[in-house]
file entry-v4.pdb (PDB, C-alpha atoms)
ATOM      1  CA  MET V   1       1.396 -58.255 -58.682
ATOM      2  CA  THR V   2       0.166 -56.956 -61.996
ATOM      3  CA  LYS V   3      -3.516 -56.099 -62.005
ATOM      4  CA  ILE V   4      -5.323 -56.725 -65.296
ATOM      5  CA  ILE V   5      -8.617 -54.905 -65.858
ATOM      6  CA  SER V   6     -10.906 -55.348 -68.848
ATOM      7  CA  ILE V   7     -12.924 -52.281 -69.836
ATOM      8  CA  ILE V   8     -16.003 -53.914 -71.307
ATOM      9  CA  ASN V   9     -19.569 -53.379 -72.448
ATOM     10  CA  GLN V  10     -21.223 -55.145 -75.378
ATOM     11  CA  LYS V  11     -22.913 -51.865 -76.308
ATOM     12  CA  GLY V  12     -21.008 -49.372 -78.414
ATOM     13  CA  GLY V  13     -20.687 -45.658 -77.697
ATOM     14  CA  VAL V  14     -20.643 -45.945 -73.907
ATOM     15  CA  GLY V  15     -17.109 -44.642 -73.359
ATOM     16  CA  LYS V  16     -15.003 -47.835 -73.234
ATOM     17  CA  THR V  17     -12.135 -46.420 -75.271
ATOM     18  CA  THR V  18     -12.292 -43.021 -73.577
ATOM     19  CA  THR V  19     -12.169 -44.748 -70.195
ATOM     20  CA  SER V  20      -9.350 -47.090 -71.210
ATOM     21  CA  CYS V  21      -7.273 -44.215 -72.558
ATOM     22  CA  SER V  22      -7.972 -41.766 -69.753
ATOM     23  CA  LEU V  23      -7.658 -44.232 -66.867
ATOM     24  CA  ALA V  24      -4.391 -45.631 -68.268
ATOM     25  CA  ALA V  25      -3.025 -42.095 -68.566
ATOM     26  CA  ALA V  26      -4.218 -41.187 -65.056
ATOM     27  CA  LEU V  27      -2.526 -44.248 -63.554
ATOM     28  CA  SER V  28       0.682 -43.394 -65.386
ATOM     29  CA  LEU V  29       0.539 -39.881 -63.921
ATOM     30  CA  ASN V  30       0.443 -41.558 -60.503
ATOM     31  CA  ASP V  31       3.797 -43.224 -61.308
ATOM     32  CA  PHE V  32       2.369 -46.663 -62.049
ATOM     33  CA  LYS V  33       3.760 -48.580 -64.995
ATOM     34  CA  VAL V  34       0.808 -49.222 -67.308
ATOM     35  CA  LEU V  35       0.190 -51.234 -70.474
ATOM     36  CA  ALA V  36      -2.904 -50.357 -72.503
ATOM     37  CA  VAL V  37      -4.063 -53.194 -74.781
ATOM     38  CA  ASP V  38      -6.271 -52.358 -77.756
ATOM     39  CA  LEU V  39      -8.412 -55.459 -78.272
ATOM     40  CA  ASP V  40     -10.904 -53.842 -80.644
ATOM     41  CA  PRO V  41     -10.455 -54.332 -84.431
ATOM     42  CA  GLN V  42     -11.651 -50.745 -84.909
ATOM     43  CA  CYS V  43      -8.332 -49.637 -83.352
ATOM     44  CA  ASN V  44      -9.922 -46.649 -81.596
ATOM     45  CA  LEU V  45      -7.649 -46.803 -78.549
ATOM     46  CA  SER V  46      -4.556 -46.947 -80.750
ATOM     47  CA  GLN V  47      -5.735 -43.934 -82.742
ATOM     48  CA  SER V  48      -6.706 -42.065 -79.571
ATOM     49  CA  LEU V  49      -3.087 -42.346 -78.437
ATOM     50  CA  GLY V  50      -1.702 -41.247 -81.793
ATOM     51  CA  VAL V  51      -0.809 -44.680 -83.240
ATOM     52  CA  ARG V  52      -2.208 -45.267 -86.725
ATOM     53  CA  SER V  53      -0.339 -48.455 -87.548
ATOM     54  CA  HIS V  54       2.322 -50.627 -85.966
ATOM     55  CA  ASP V  55       3.926 -53.840 -87.191
ATOM     56  CA  GLU V  56       3.942 -55.445 -83.742
ATOM     57  CA  ASN V  57       0.255 -55.562 -82.783
ATOM     58  CA  ILE V  58      -1.924 -57.723 -80.549
ATOM     59  CA  TYR V  59      -3.192 -59.830 -83.456
ATOM     60  CA  LYS V  60       0.302 -60.820 -84.604
ATOM     61  CA  LEU V  61       1.358 -61.399 -81.004
ATOM     62  CA  ILE V  62      -1.484 -63.835 -80.371
ATOM     63  CA  LYS V  63      -0.694 -65.587 -83.662
ATOM     64  CA  ARG V  64       2.979 -65.807 -82.586
ATOM     65  CA  ASN V  65       4.014 -63.835 -85.669
ATOM     66  CA  CYS V  66       5.926 -61.124 -83.794
ATOM     67  CA  ASP V  67       7.647 -60.365 -80.509
ATOM     68  CA  PHE V  68       6.271 -58.135 -77.772
ATOM     69  CA  ASN V  69       7.290 -54.618 -78.783
ATOM     70  CA  PRO V  70       4.790 -52.055 -77.449
ATOM     71  CA  VAL V  71       4.626 -48.401 -78.396
ATOM     72  CA  SER V  72       5.898 -46.065 -75.682
ATOM     73  CA  ILE V  73       3.351 -43.284 -75.113
ATOM     74  CA  ASN V  74       5.089 -41.698 -72.144
ATOM     75  CA  GLU V  75       7.572 -42.702 -69.464
ATOM     76  CA  ASN V  76       5.048 -44.898 -67.634
ATOM     77  CA  LEU V  77       2.539 -45.802 -70.349
ATOM     78  CA  ASP V  78       2.934 -48.346 -73.164
ATOM     79  CA  LEU V  79       0.404 -49.315 -75.814
ATOM     80  CA  LEU V  80      -0.094 -52.692 -77.474
ATOM     81  CA  PRO V  81      -1.950 -51.618 -80.637
ATOM     82  CA  SER V  82      -4.726 -53.446 -82.413
ATOM     83  CA  SER V  83      -5.173 -54.372 -86.059
ATOM     84  CA  LEU V  84      -8.108 -54.672 -88.430
ATOM     85  CA  ASP V  85      -6.991 -58.291 -88.862
ATOM     86  CA  LEU V  86      -8.283 -58.949 -85.351
ATOM     87  CA  SER V  87     -11.802 -59.002 -86.815
ATOM     88  CA  ALA V  88     -10.975 -62.453 -88.234
ATOM     89  CA  PHE V  89      -9.835 -63.776 -84.856
ATOM     90  CA  GLU V  90     -13.049 -65.576 -83.957
ATOM     91  CA  VAL V  91     -13.239 -67.478 -87.245
ATOM     92  CA  GLU V  92      -9.538 -68.334 -87.393
ATOM     93  CA  MET V  93      -9.418 -69.592 -83.814
ATOM     94  CA  SER V  94     -12.726 -71.469 -83.780
ATOM     95  CA  ASN V  95     -10.967 -74.859 -83.772
ATOM     96  CA  GLU V  96      -7.909 -73.860 -81.738
ATOM     97  CA  PRO V  97      -7.530 -75.889 -78.515
ATOM     98  CA  GLY V  98      -7.689 -73.643 -75.452
ATOM     99  CA  ARG V  99      -8.751 -70.677 -77.617
ATOM    100  CA  GLU V 100     -10.185 -68.845 -74.590
ATOM    101  CA  TYR V 101      -6.724 -68.692 -72.979
ATOM    102  CA  LEU V 102      -4.649 -67.280 -75.855
ATOM    103  CA  LEU V 103      -4.493 -63.726 -74.511
ATOM    104  CA  LYS V 104      -3.865 -64.922 -70.953
ATOM    105  CA  GLU V 105      -0.785 -66.828 -72.124
ATOM    106  CA  ILE V 106       0.581 -63.644 -73.696
ATOM    107  CA  LEU V 107      -0.106 -61.364 -70.733
ATOM    108  CA  GLN V 108       1.320 -63.818 -68.206
ATOM    109  CA  LYS V 109       4.683 -63.546 -69.934
ATOM    110  CA  ILE V 110       4.812 -59.747 -70.058
ATOM    111  CA  GLY V 111       2.791 -58.818 -66.964
ATOM    112  CA  LEU V 112       5.720 -58.604 -64.556
ATOM    113  CA  ASN V 113       6.883 -55.448 -66.321
ATOM    114  CA  TYR V 114       3.710 -53.541 -65.387
ATOM    115  CA  ASP V 115       1.631 -52.541 -62.375
ATOM    116  CA  TYR V 116      -1.567 -52.347 -64.421
ATOM    117  CA  ILE V 117      -2.723 -53.758 -67.743
ATOM    118  CA  LEU V 118      -5.935 -52.217 -69.096
ATOM    119  CA  ILE V 119      -7.726 -53.992 -71.946
ATOM    120  CA  ASP V 120     -10.039 -52.002 -74.207
ATOM    121  CA  CYS V 121     -12.549 -54.634 -75.370
ATOM    122  CA  SER V 122     -14.594 -54.733 -78.546
ATOM    123  CA  PRO V 123     -18.360 -54.037 -78.331
ATOM    124  CA  SER V 124     -19.352 -57.700 -78.276
ATOM    125  CA  LEU V 125     -19.341 -60.756 -76.037
ATOM    126  CA  GLY V 126     -17.592 -62.996 -78.546
ATOM    127  CA  LEU V 127     -14.309 -64.895 -78.356
ATOM    128  CA  ILE V 128     -12.169 -61.741 -78.284
ATOM    129  CA  SER V 129     -13.940 -60.383 -75.207
ATOM    130  CA  ILE V 130     -13.971 -63.815 -73.563
ATOM    131  CA  ASN V 131     -10.179 -63.919 -73.989
ATOM    132  CA  ALA V 132      -9.957 -60.551 -72.236
ATOM    133  CA  LEU V 133     -12.122 -61.658 -69.306
ATOM    134  CA  VAL V 134     -10.243 -64.941 -68.899
ATOM    135  CA  ALA V 135      -6.953 -63.007 -68.761
ATOM    136  CA  SER V 136      -8.220 -60.395 -66.285
ATOM    137  CA  ASN V 137      -8.432 -60.047 -62.536
ATOM    138  CA  SER V 138     -11.476 -57.805 -62.874
ATOM    139  CA  PHE V 139     -13.688 -55.932 -65.322
ATOM    140  CA  LEU V 140     -14.896 -52.328 -65.348
ATOM    141  CA  VAL V 141     -18.170 -51.466 -67.065
ATOM    142  CA  PRO V 142     -18.758 -47.970 -68.489
ATOM    143  CA  ILE V 143     -22.480 -47.401 -68.892
ATOM    144  CA  LEU V 144     -24.716 -44.622 -70.164
ATOM    145  CA  PRO V 145     -27.328 -43.305 -67.706
ATOM    146  CA  HIS V 146     -30.282 -44.749 -69.652
ATOM    147  CA  HIS V 147     -32.731 -47.470 -68.635
ATOM    148  CA  LEU V 148     -31.934 -49.604 -71.703
ATOM    149  CA  SER V 149     -28.309 -49.685 -70.563
ATOM    150  CA  ILE V 150     -29.390 -51.495 -67.387
ATOM    151  CA  GLN V 151     -30.771 -54.366 -69.467
ATOM    152  CA  GLY V 152     -27.452 -54.703 -71.282
ATOM    153  CA  LEU V 153     -25.622 -54.612 -67.952
ATOM    154  CA  SER V 154     -27.703 -57.532 -66.667
ATOM    155  CA  LYS V 155     -26.725 -59.619 -69.706
ATOM    156  CA  LEU V 156     -23.048 -58.754 -69.247
ATOM    157  CA  ILE V 157     -23.109 -59.753 -65.578
ATOM    158  CA  GLU V 158     -24.764 -63.053 -66.542
ATOM    159  CA  VAL V 159     -21.971 -63.796 -69.038
ATOM    160  CA  THR V 160     -19.179 -62.842 -66.642
ATOM    161  CA  GLU V 161     -20.625 -65.099 -63.941
ATOM    162  CA  LYS V 162     -20.432 -68.036 -66.357
ATOM    163  CA  ILE V 163     -16.849 -67.153 -67.241
ATOM    164  CA  LYS V 164     -15.973 -66.987 -63.548
ATOM    165  CA  LEU V 165     -17.570 -70.374 -62.948
ATOM    166  CA  ARG V 166     -16.013 -72.160 -65.925
ATOM    167  CA  LEU V 167     -12.872 -70.320 -67.046
ATOM    168  CA  ASN V 168     -11.561 -67.772 -64.514
ATOM    169  CA  GLU V 169     -12.515 -68.176 -60.878
ATOM    170  CA  LYS V 170     -10.594 -65.015 -59.927
ATOM    171  CA  LEU V 171     -12.675 -62.692 -62.121
ATOM    172  CA  GLU V 172     -14.432 -59.931 -60.147
ATOM    173  CA  LEU V 173     -16.464 -56.837 -60.953
ATOM    174  CA  GLU V 174     -14.105 -53.910 -60.535
ATOM    175  CA  GLY V 175     -16.882 -51.360 -60.786
ATOM    176  CA  ILE V 176     -19.593 -49.684 -62.860
ATOM    177  CA  LEU V 177     -18.934 -46.221 -64.258
ATOM    178  CA  LEU V 178     -21.613 -43.788 -65.366
ATOM    179  CA  THR V 179     -20.462 -41.814 -68.414
ATOM    180  CA  GLN V 180     -21.856 -38.790 -70.271
ATOM    181  CA  PHE V 181     -23.661 -37.905 -67.065
ATOM    182  CA  ASN V 182     -25.708 -34.746 -66.614
ATOM    183  CA  GLN V 183     -26.821 -34.014 -63.067
ATOM    184  CA  ARG V 184     -29.662 -31.804 -64.323
ATOM    185  CA  LYS V 185     -31.384 -34.640 -66.186
ATOM    186  CA  VAL V 186     -33.953 -36.564 -64.171
ATOM    187  CA  LEU V 187     -33.453 -39.714 -66.267
ATOM    188  CA  HIS V 188     -29.741 -39.742 -65.456
ATOM    189  CA  LYS V 189     -30.355 -39.387 -61.732
ATOM    190  CA  ASP V 190     -33.076 -42.050 -61.782
ATOM    191  CA  THR V 191     -30.785 -44.492 -63.597
ATOM    192  CA  GLU V 192     -28.017 -43.847 -61.089
ATOM    193  CA  LYS V 193     -30.421 -44.610 -58.236
ATOM    194  CA  VAL V 194     -31.564 -47.900 -59.805
ATOM    195  CA  ILE V 195     -27.993 -49.102 -60.352
ATOM    196  CA  ARG V 196     -26.911 -47.958 -56.886
ATOM    197  CA  ASN V 197     -29.793 -49.836 -55.263
ATOM    198  CA  HIS V 198     -28.767 -53.051 -57.004
ATOM    199  CA  PHE V 199     -24.958 -52.847 -57.024
ATOM    200  CA  GLY V 200     -24.235 -50.616 -54.021
ATOM    201  CA  ASP V 201     -20.675 -49.349 -53.867
ATOM    202  CA  ARG V 202     -19.780 -51.271 -57.029
ATOM    203  CA  LEU V 203     -21.144 -48.168 -58.766
ATOM    204  CA  TYR V 204     -18.394 -45.597 -58.560
ATOM    205  CA  ALA V 205     -19.139 -42.372 -56.741
ATOM    206  CA  THR V 206     -17.243 -40.670 -59.551
ATOM    207  CA  LYS V 207     -19.341 -39.964 -62.630
ATOM    208  CA  ILE V 208     -17.903 -38.847 -65.977
ATOM    209  CA  ARG V 209     -19.711 -35.683 -66.948
ATOM    210  CA  GLU V 210     -20.647 -34.709 -70.487
ATOM    211  CA  ASN V 211     -17.524 -32.965 -71.740
ATOM    212  CA  ILE V 212     -16.560 -31.842 -75.248
ATOM    213  CA  SER V 213     -12.830 -32.093 -74.484
ATOM    214  CA  LEU V 214     -13.132 -35.878 -74.112
ATOM    215  CA  ALA V 215     -14.494 -36.018 -77.658
ATOM    216  CA  GLU V 216     -11.882 -33.650 -79.080
ATOM    217  CA  ALA V 217      -8.703 -35.182 -77.608
ATOM    218  CA  PRO V 218      -8.698 -38.391 -79.728
ATOM    219  CA  SER V 219      -8.673 -36.383 -82.969
ATOM    220  CA  LEU V 220      -5.246 -35.070 -81.941
ATOM    221  CA  GLY V 221      -4.018 -38.478 -80.784
ATOM    222  CA  VAL V 222      -3.477 -37.446 -77.161
ATOM    223  CA  ASP V 223      -5.075 -38.272 -73.827
ATOM    224  CA  ILE V 224      -7.342 -35.830 -72.002
ATOM    225  CA  PHE V 225      -4.566 -34.696 -69.640
ATOM    226  CA  CYS V 226      -2.284 -33.695 -72.482
ATOM    227  CA  TYR V 227      -5.159 -32.016 -74.284
ATOM    228  CA  GLN V 228      -6.927 -30.094 -71.521
ATOM    229  CA  LEU V 229      -5.747 -30.773 -67.989
ATOM    230  CA  THR V 230      -8.290 -28.415 -66.407
ATOM    231  CA  SER V 231     -11.336 -29.814 -68.238
ATOM    232  CA  ASN V 232     -14.166 -31.611 -66.458
ATOM    233  CA  GLY V 233     -13.173 -34.783 -68.282
ATOM    234  CA  ALA V 234      -9.628 -34.674 -66.919
ATOM    235  CA  ILE V 235     -10.851 -33.891 -63.406
ATOM    236  CA  ASP V 236     -13.408 -36.729 -63.495
ATOM    237  CA  TYR V 237     -10.948 -39.362 -64.689
ATOM    238  CA  LEU V 238      -8.363 -38.305 -62.114
ATOM    239  CA  ASN V 239     -11.080 -38.684 -59.479
ATOM    240  CA  LEU V 240     -11.951 -42.130 -60.844
ATOM    241  CA  CYS V 241      -8.304 -43.160 -60.698
ATOM    242  CA  ASN V 242      -8.051 -41.974 -57.095
ATOM    243  CA  GLU V 243     -11.250 -43.807 -56.161
ATOM    244  CA  ILE V 244      -9.937 -47.075 -57.639
ATOM    245  CA  LEU V 245      -6.613 -46.710 -55.810
ATOM    246  CA  GLU V 246      -8.341 -45.887 -52.518
ATOM    247  CA  LYS V 247     -10.531 -49.003 -52.783
ATOM    248  CA  GLU V 248      -7.460 -51.152 -53.395
ATOM    249  CA  ASN V 249      -5.727 -49.710 -50.358
TER     250      ASN V 249
END
call {"tool": "encode", "arguments": {"input": "entry-v4.pdb", "output": "structure tokens"}}
result
Amino acid sequence: MTKIISIINQKGGVGKTTTSCSLAAALSLNDFKVLAVDLDPQCNLSQSLGVRSHDENIYKLIKRNCDFNPVSINENLDLLPSSLDLSAFEVEMSNEPGREYLLKEILQKIGLNYDYILIDCSPSLGLISINALVASNSFLVPILPHHLSIQGLSKLIEVTEKIKLRLNEKLELEGILLTQFNQRKVLHKDTEKVIRNHFGDRLYATKIRENISLAEAPSLGVDIFCYQLTSNGAIDYLNLCNEILEKEN
């Protein structure tokens, strides 16, 4: 069965796109067939994988104005790009019957071609993100190691519990991922302890360390493994991928 994971956090700058890009690439390196879906009107995931524009994008697909024609990134990884037009999605679909299920209808038709579908969500909890969560089996939350991030995490969990109750009973928390982590900072270690005490093993043992290569790779339109395979960023995301696969097994 295809596993669909939303990478989500209503806060910006926490590493959603970096995680979506790097985890999708890591899974593809493990010989899984992966579809990365850019569901953010800012199109950061598309640009991070070297796609500046594409006629067949997620917005047109949801509107039924094009066929499914993803961009092939490598042998095992495809990308369904985003569009700036997606920013109008919430207004345009406000009166559409079953508007929370539009993305799910699309992914159900194409899911059999993939082992994993990763959705890079926009930094909000609006209709676009609700569509992602309704279509998903689980959600992964990248989070900065700051105390204010914990408050945002609590709000996100509250929203996802409502979605599970009313719209998608199969939705589960895949895991919480600490990003931009520095072991030498007391605040980072304290935040990790607080989250671990509350969520237990839902907080990944793998932490994504502060790493300049993760910031540089998108400017060249390549994933971290193509850019710098020996970097801490590449090592950390490979470890995350392995941890996710081990938990599934």
call {"tool": "atom_distance", "arguments": {"input": "entry-v4.pdb", "atom1": "atom CA of V:Leu165", "atom2": "atom CA of V:Tyr101"}}
result
14.9 Å
call {"tool": "residues_around", "arguments": {"input": "entry-v4.pdb", "residues": "stretch 110-125 of chain V", "least_positions_apart": "4", "cutoff": "6 Å", "atoms": "all atoms listed in the file", "output": "PyMOL selection string"}}
result
chain V and resi 2-8+10-12+20+32-40+129
call {"tool": "write_last_selection", "arguments": {"input": "entry-v4.pdb", "atoms": "C-alpha atoms", "output": "compact mmCIF listing (two decimals), in the frame of the given file"}}
result
# COMPACT_ATOMS: atom_id res chain seq x y z
CA THR V 2 0.17 -56.96 -62.00
CA LYS V 3 -3.52 -56.10 -62.00
CA ILE V 4 -5.32 -56.72 -65.30
CA ILE V 5 -8.62 -54.90 -65.86
CA SER V 6 -10.91 -55.35 -68.85
CA ILE V 7 -12.92 -52.28 -69.84
CA ILE V 8 -16.00 -53.91 -71.31
CA GLN V 10 -21.22 -55.14 -75.38
CA LYS V 11 -22.91 -51.86 -76.31
CA GLY V 12 -21.01 -49.37 -78.41
CA SER V 20 -9.35 -47.09 -71.21
CA PHE V 32 2.37 -46.66 -62.05
CA LYS V 33 3.76 -48.58 -65.00
CA VAL V 34 0.81 -49.22 -67.31
CA LEU V 35 0.19 -51.23 -70.47
CA ALA V 36 -2.90 -50.36 -72.50
CA VAL V 37 -4.06 -53.19 -74.78
CA ASP V 38 -6.27 -52.36 -77.76
CA LEU V 39 -8.41 -55.46 -78.27
CA ASP V 40 -10.90 -53.84 -80.64
CA SER V 129 -13.94 -60.38 -75.21
call {"tool": "residues_around", "arguments": {"input": "entry-v4.pdb", "residues": "stretch 175-185 of chain V", "least_positions_apart": "3", "cutoff": "9 Å", "atoms": "only C-alpha atoms", "output": "VMD selection string"}}
result
chain V and resid 14 to 15 19 138 to 145 172 188 to 190 192 195 199 201 to 211 240 244
call {"tool": "residues_near_point", "arguments": {"input": "entry-v4.pdb", "point": "(-10.7, -41.5, -63.7)", "cutoff": "9 Å", "atoms": "all atoms listed in the file", "output": "mmCIF file with C-alpha atoms, in the frame of the given file"}}
result
data_model
loop_
_atom_site.group_PDB
_atom_site.id
_atom_site.type_symbol
_atom_site.label_atom_id
_atom_site.label_comp_id
_atom_site.auth_asym_id
_atom_site.auth_seq_id
_atom_site.Cartn_x
_atom_site.Cartn_y
_atom_site.Cartn_z
ATOM 1 C CA THR V 19 -12.169 -44.748 -70.195
ATOM 2 C CA SER V 22 -7.972 -41.766 -69.753
ATOM 3 C CA LEU V 23 -7.658 -44.232 -66.867
ATOM 4 C CA ALA V 24 -4.391 -45.631 -68.268
ATOM 5 C CA ALA V 26 -4.218 -41.187 -65.056
ATOM 6 C CA LEU V 27 -2.526 -44.248 -63.554
ATOM 7 C CA THR V 206 -17.243 -40.670 -59.551
ATOM 8 C CA LYS V 207 -19.341 -39.964 -62.630
ATOM 9 C CA ILE V 208 -17.903 -38.847 -65.977
ATOM 10 C CA GLY V 233 -13.173 -34.783 -68.282
ATOM 11 C CA ALA V 234 -9.628 -34.674 -66.919
ATOM 12 C CA ILE V 235 -10.851 -33.891 -63.406
ATOM 13 C CA ASP V 236 -13.408 -36.729 -63.495
ATOM 14 C CA TYR V 237 -10.948 -39.362 -64.689
ATOM 15 C CA LEU V 238 -8.363 -38.305 -62.114
ATOM 16 C CA ASN V 239 -11.080 -38.684 -59.479
ATOM 17 C CA LEU V 240 -11.951 -42.130 -60.844
ATOM 18 C CA CYS V 241 -8.304 -43.160 -60.698
ATOM 19 C CA ASN V 242 -8.051 -41.974 -57.095
ATOM 20 C CA GLU V 243 -11.250 -43.807 -56.161
ATOM 21 C CA ILE V 244 -9.937 -47.075 -57.639
#
call {"tool": "resolve_selection", "arguments": {"input": "entry-v4.pdb", "expression": "the PyMOL selection byres ((chain V and resi 133) around 8)", "output": "NGL selection string"}}
result
:V and (6 or 129-132 or 134-139 or 160 or 163 or 168 or 171)
call {"tool": "closest_residue", "arguments": {"input": "entry-v4.pdb", "among": "V:Ser154, V:Ser28, V:Gln228, V:Thr18", "to": "V:Asn76", "atoms": "only C-alpha atoms"}}
result
V:Ser28
call {"tool": "closest_residue", "arguments": {"input": "entry-v4.pdb", "among": "V:Leu229, V:Glu174, V:Leu103, V:Ser94", "to": "V:Lys247", "atoms": "all atoms listed in the file"}}
result
V:Glu174
call {"tool": "resolve_selection", "arguments": {"input": "entry-v4.pdb", "expression": "the PyMOL selection byres ((chain V and resi 71) around 12)", "output": "compact mmCIF listing (two decimals) with C-alpha atoms, keeping the file's coordinate frame"}}
result
# COMPACT_ATOMS: atom_id res chain seq x y z
CA VAL V 34 0.81 -49.22 -67.31
CA LEU V 35 0.19 -51.23 -70.47
CA ALA V 36 -2.90 -50.36 -72.50
CA VAL V 37 -4.06 -53.19 -74.78
CA ASP V 38 -6.27 -52.36 -77.76
CA SER V 46 -4.56 -46.95 -80.75
CA LEU V 49 -3.09 -42.35 -78.44
CA GLY V 50 -1.70 -41.25 -81.79
CA VAL V 51 -0.81 -44.68 -83.24
CA ARG V 52 -2.21 -45.27 -86.72
CA SER V 53 -0.34 -48.46 -87.55
CA HIS V 54 2.32 -50.63 -85.97
CA ASP V 55 3.93 -53.84 -87.19
CA GLU V 56 3.94 -55.44 -83.74
CA ASN V 57 0.26 -55.56 -82.78
CA ILE V 58 -1.92 -57.72 -80.55
CA PHE V 68 6.27 -58.14 -77.77
CA ASN V 69 7.29 -54.62 -78.78
CA PRO V 70 4.79 -52.06 -77.45
CA SER V 72 5.90 -46.06 -75.68
CA ILE V 73 3.35 -43.28 -75.11
CA ASN V 74 5.09 -41.70 -72.14
CA GLU V 75 7.57 -42.70 -69.46
CA ASN V 76 5.05 -44.90 -67.63
CA LEU V 77 2.54 -45.80 -70.35
CA ASP V 78 2.93 -48.35 -73.16
CA LEU V 79 0.40 -49.32 -75.81
CA LEU V 80 -0.09 -52.69 -77.47
CA PRO V 81 -1.95 -51.62 -80.64
CA SER V 82 -4.73 -53.45 -82.41
call {"tool": "resolve_selection", "arguments": {"input": "entry-v4.pdb", "expression": "the PyMOL selection byres ((chain V and resi 88-91) around 8)", "output": "ChimeraX atom specification"}}
result
/V:59,85-87,92-94,126-128
call {"tool": "axis_aligned_box", "arguments": {"input": "entry-v4.pdb", "around": "stretch 91-100 of chain V", "padding_each_side": "8 Å", "output": "JSON"}}
result
{"center_x": -10.4, "center_y": -71.7, "center_z": -81.0, "size_x": 21.7, "size_y": 24.4, "size_z": 28.8}
call {"tool": "atom_distance", "arguments": {"input": "entry-v4.pdb", "atom1": "atom CA of V:Val159", "atom2": "atom CA of V:Leu102"}}
result
18.9 Å
